[in-house]
Structure formats: structure tokens, C-alpha cells
file run.txt (compact mmCIF, C-alpha atoms)
# COMPACT_ATOMS: atom_id res chain seq x y z
CA MET M 1 0.00 0.00 0.00
CA ARG M 2 2.79 2.39 0.93
CA SER M 3 4.78 1.71 -2.27
CA TRP M 4 1.62 2.19 -4.30
CA PHE M 5 1.11 5.62 -2.69
CA ILE M 6 4.72 6.62 -3.39
CA THR M 7 4.40 5.51 -7.02
CA VAL M 8 1.18 7.50 -7.52
CA ALA M 9 2.64 10.59 -5.79
CA THR M 10 5.80 10.43 -7.94
CA ALA M 11 3.77 10.05 -11.15
CA ALA M 12 1.59 13.03 -10.19
CA LEU M 13 4.65 15.16 -9.41
CA LEU M 14 6.30 14.30 -12.72
CA ALA M 15 3.11 15.02 -14.67
CA THR M 16 2.69 18.39 -12.93
CA ASN M 17 6.28 19.40 -13.68
CA GLY M 18 5.85 18.40 -17.33
CA VAL M 19 2.73 20.53 -17.68
CA ARG M 20 4.46 23.49 -16.02
CA ALA M 21 7.44 23.17 -18.34
CA GLN M 22 5.16 23.13 -21.39
CA GLU M 23 3.21 26.15 -20.15
CA GLN M 24 6.42 28.03 -19.42
CA ASN M 25 7.83 27.23 -22.87
CA ALA M 26 4.60 28.29 -24.52
CA THR M 27 4.61 31.66 -22.77
CA ASN M 28 8.33 32.32 -23.31
CA VAL M 29 8.32 31.65 -27.05
CA PRO M 30 8.44 34.96 -28.92
CA GLN M 31 5.88 35.41 -31.65
CA TYR M 32 7.08 36.71 -35.01
CA PRO M 33 4.04 37.05 -37.24
CA GLN M 34 5.74 39.06 -40.00
CA ARG M 35 8.94 37.06 -40.31
CA GLU M 36 10.08 33.49 -39.86
CA ARG M 37 12.73 34.67 -37.42
CA PRO M 38 13.54 37.95 -35.72
CA ALA M 39 16.13 40.29 -37.15
CA ALA M 40 19.53 39.74 -35.64
CA ARG M 41 20.17 42.10 -32.79
CA MET M 42 23.53 43.01 -31.41
CA PRO M 43 23.75 43.25 -27.62
CA GLY M 44 25.18 46.80 -27.63
CA GLY M 45 23.62 47.64 -30.92
CA PHE M 46 26.50 48.99 -32.96
CA LEU M 47 29.30 46.42 -33.09
CA PRO M 48 28.69 42.72 -33.75
CA PRO M 49 30.32 40.57 -31.04
CA ARG M 50 32.10 38.49 -33.69
CA ILE M 51 33.86 41.60 -35.00
CA ALA M 52 34.77 42.73 -31.48
CA ASP M 53 36.40 39.33 -30.94
CA GLU M 54 38.37 39.65 -34.19
CA LEU M 55 39.82 42.98 -33.02
CA SER M 56 41.64 41.38 -30.06
CA LEU M 57 40.76 44.29 -27.79
CA THR M 58 42.78 45.00 -24.66
CA ASP M 59 41.00 45.01 -21.31
CA ASP M 60 41.00 48.82 -21.35
CA GLN M 61 39.50 48.85 -24.87
CA LYS M 62 36.87 46.31 -23.83
CA ALA M 63 35.88 48.56 -20.92
CA LYS M 64 35.63 51.56 -23.25
CA LEU M 65 33.57 49.52 -25.73
CA LYS M 66 31.20 48.49 -22.96
CA ASP M 67 30.79 52.14 -21.90
CA LEU M 68 30.18 53.17 -25.51
CA GLU M 69 27.61 50.40 -25.99
CA THR M 70 25.79 51.46 -22.81
CA ALA M 71 25.73 55.11 -23.88
CA PHE M 72 24.66 54.15 -27.40
CA ALA M 73 21.82 51.94 -26.13
CA LYS M 74 20.56 54.74 -23.88
CA GLU M 75 20.65 57.34 -26.65
CA ARG M 76 19.10 54.92 -29.16
CA ASP M 77 16.27 54.02 -26.77
CA GLU M 78 15.57 57.70 -26.07
CA TRP M 79 15.37 58.36 -29.81
CA ARG M 80 13.07 55.37 -30.36
CA THR M 81 10.78 56.54 -27.57
CA ALA M 82 10.57 60.02 -29.10
CA HIS M 83 9.97 58.60 -32.60
CA LYS M 84 7.70 55.58 -32.06
CA ASP M 85 5.98 56.04 -35.42
CA VAL M 86 9.23 55.40 -37.33
CA GLY M 87 9.30 51.70 -36.42
CA ALA M 88 5.73 51.18 -37.64
CA ASN M 89 6.47 53.08 -40.85
CA ILE M 90 9.59 51.00 -41.52
CA GLN M 91 7.64 47.78 -40.93
CA LYS M 92 5.00 48.93 -43.41
CA LEU M 93 7.71 49.75 -45.95
CA ARG M 94 9.31 46.32 -45.45
CA GLU M 95 5.98 44.71 -46.26
CA GLU M 96 5.64 46.91 -49.37
CA ALA M 97 9.21 46.02 -50.42
CA SER M 98 8.50 42.33 -49.97
CA ALA M 99 5.37 42.58 -52.10
CA ALA M 100 7.27 44.56 -54.75
CA ARG M 101 10.07 41.96 -54.77
CA GLU M 102 7.58 39.12 -55.21
CA ALA M 103 5.82 41.03 -57.99
CA GLY M 104 9.13 41.84 -59.70
CA ASP M 105 8.43 45.60 -59.44
CA THR M 106 11.99 46.94 -59.22
CA ALA M 107 10.90 50.59 -59.34
CA LYS M 108 8.62 50.17 -56.32
CA LEU M 109 11.30 48.14 -54.54
CA GLU M 110 13.88 50.90 -55.05
CA GLU M 111 11.38 53.55 -53.94
CA THR M 112 10.61 51.71 -50.68
CA ARG M 113 14.33 51.12 -50.02
CA LYS M 114 15.01 54.85 -50.37
CA LYS M 115 12.16 55.69 -47.99
CA MET M 116 13.49 53.17 -45.44
CA GLN M 117 16.97 54.69 -45.73
CA GLU M 118 15.52 58.15 -45.09
CA LEU M 119 13.66 56.94 -42.01
CA ASN M 120 16.74 55.04 -40.77
CA ALA M 121 19.16 57.93 -41.39
CA PRO M 122 19.07 59.35 -37.82
CA ALA M 123 19.67 55.88 -36.34
CA MET M 124 22.53 55.24 -38.76
CA GLU M 125 24.08 58.62 -37.92
CA LEU M 126 23.89 57.74 -34.23
CA ARG M 127 25.54 54.37 -34.90
CA GLN M 128 28.27 56.06 -36.97
CA LYS M 129 28.91 58.55 -34.17
CA TYR M 130 29.62 55.70 -31.76
CA MET M 131 31.67 53.78 -34.34
CA ASP M 132 33.86 56.88 -34.72
CA LYS M 133 34.29 57.03 -30.94
CA LEU M 134 35.29 53.37 -30.95
CA ARG M 135 37.77 53.88 -33.78
CA ALA M 136 39.46 56.60 -31.71
CA THR M 137 40.39 53.93 -29.14
CA LEU M 138 41.79 51.43 -31.66
CA THR M 139 45.30 50.88 -32.99
CA THR M 140 45.99 51.29 -36.70
CA GLU M 141 45.94 47.50 -37.17
CA GLN M 142 42.63 47.19 -35.30
CA LYS M 143 41.12 49.99 -37.41
CA GLN M 144 42.10 48.12 -40.56
CA LYS M 145 40.58 44.88 -39.20
CA LEU M 146 37.39 46.73 -38.28
CA THR M 147 37.07 48.33 -41.72
CA SER M 148 37.70 44.99 -43.42
CA ALA M 149 35.21 43.10 -41.21
CA LEU M 150 32.49 45.72 -41.69
CA GLU M 151 33.00 45.66 -45.46
CA GLU M 152 32.72 41.86 -45.50
CA ALA M 153 29.48 42.12 -43.51
CA ARG M 154 28.13 44.69 -46.01
CA GLN M 155 28.97 42.39 -48.89
CA ARG M 156 27.24 39.44 -47.21
CA ARG M 157 24.11 41.54 -46.72
CA ALA M 158 24.22 42.76 -50.33
CA ASN M 159 24.88 39.29 -51.76
CA PRO M 160 23.41 36.72 -49.37
CA ALA M 161 24.44 33.13 -49.91
CA PRO M 162 21.79 30.94 -51.51
CA SER M 163 19.55 29.19 -49.03
CA THR M 164 20.73 25.75 -48.00
CA GLU M 165 17.25 24.72 -46.91
CA ALA M 166 15.73 21.85 -48.84
CA LYS M 167 13.07 23.03 -51.22
CA PRO M 168 9.88 21.00 -51.51
CA ALA M 169 9.84 18.74 -54.51
CA THR M 170 7.52 19.81 -57.26
CA PRO M 171 5.00 17.15 -58.18
CA SER M 172 5.74 15.62 -61.53
CA ALA M 173 3.12 15.02 -64.16
CA PRO M 174 1.45 11.64 -63.93
CA LYS M 175 3.01 9.02 -66.16
CA PRO M 176 0.79 7.61 -68.86
CA ALA M 177 -0.47 4.13 -68.21
CA GLU M 178 1.25 1.44 -70.22
call {"tool": "encode", "arguments": {"input": "run.txt", "output": "C-alpha cells"}}
result
Amino acid sequence: MRSWFITVATAALLATNGVRAQEQNATNVPQYPQRERPAARMPGGFLPPRIADELSLTDDQKAKLKDLETAFAKERDEWRTAHKDVGANIQKLREEASAAREAGDTAKLEETRKKMQELNAPAMELRQKYMDKLRATLTTEQKQKLTSALEEARQRRANPAPSTEAKPATPSAPKPAE
């Protein structure tokens, strides 16, 4: 009788923990209705961690980078709060650009890209301001590595590698009966 009670209690405990884990996972999963995955975000917002690693920063430079990232994030968030409509407008333009791309309308695609660049200009200027501050702390060799790494990243964005995902097979026409 006692072992039966322990077995039932253990099973109930395991079942409860499983349900809690599923509920927690369901509530912690971000929802991305517009995209399959979220846009990549950098922790500090202006220098990808991979590039920072490539620069072989000294401890003093790492501390300065952290301070710059903190200041950048604060200034960026203040700007975003003051200009909340910009994010919604950019999202709308992304949707228009996607539709234009699918329709093969290069004129509309170029028009929406220009509008997005105009809306993003203040954010890009802010990012450039902090990149310039970072460059002031780097050695000549590190500056060259930074310029090279940023150019490679630009080229990857401009010419993304073809998708390696398997494409669904297209159904073939039925074979005639023999």
C-alpha cells in the first residue's frame, strides 16, 4: 500500500512538472508574425560581437567599448521613444518592399528602399557617431581589421548566400499508363 502511494505521488509530481514546463515554454516563445525569425540584434547595438572578438581588444578597450555600448543603447532608446511612429512606418515599408520583390516591381522596390533609408538615417548617424568614438580607441591595425570586417558584412548583406534549406519537390506530371 505504501509503495503504491509513493508511485502515484511520484507520477503526479512528474506530470505536474511536465505541464508546467510546457506552459512556461509556450509563454516564453516569442511570436514573429511578419517574419520566420527575428532580425539579428547586437547586444550593444552597434558592433557585432564576432567583429569585437576579431579585433583582439585589450581590457581597457573592452571597458571603453562596454561604456560606448551602454551610452549608445541609452541614446538609441531615447530616440526610439521620441519617434515611435518610425518603427511602424519602416515595418509597413518592409511589407511593401517584400510585395514589390515578389511582384518583380523593381521601381517600387527601389522607392521603398530609399524611404526606409531616409527613415533610418538618424539611427545610422547615431551608430556612426559611436563607431567613430570606438575607432578613436583602436590601434591602426585594429582599425584596418574593423574596416575589413564591416566591409565583408556589407557584402554578405548585399549578396546573401543561396539558401541551404531543402526546397519541396515539385510534383511531376502523372506518367501515362502502359
call {"tool": "atom_distance", "arguments": {"input": "run.txt", "atom1": "CA of Pro122 in chain M", "atom2": "CA of Ala107 in chain M"}}
result
24.6 Å
call {"tool": "atom_distance", "arguments": {"input": "run.txt", "atom1": "CA of Ala123 in chain M", "atom2": "CA of Leu57 in chain M"}}
result
25.5 Å
call {"tool": "residues_around", "arguments": {"input": "run.txt", "residues": "Ile51 in chain M", "least_positions_apart": "2", "cutoff": "9 Å", "atoms": "all atoms listed in the file", "output": "PyMOL selection string"}}
result
chain M and resi 47-49+53-55+145-146+149-150
call {"tool": "residues_around", "arguments": {"input": "run.txt", "residues": "Lys108 in chain M", "least_positions_apart": "2", "cutoff": "12 Å", "atoms": "all atoms listed in the file", "output": "PyMOL selection string"}}
result
chain M and resi 93-106+110-115
call {"tool": "atom_distance", "arguments": {"input": "run.txt", "atom1": "CA of Gln144 in chain M", "atom2": "CA of Leu126 in chain M"}}
result
21.5 Å
call {"tool": "closest_residue", "arguments": {"input": "run.txt", "among": "M:Asn120, M:Asp77, M:Glu69, M:Ala52", "to": "Gln91 in chain M", "atoms": "all atoms listed in the file"}}
result
M:Asn120
call {"tool": "closest_residue", "arguments": {"input": "run.txt", "among": "M:Ala153, M:Leu134, M:Leu119, M:Met124", "to": "His83 in chain M", "atoms": "only C-alpha atoms"}}
result
M:Leu119
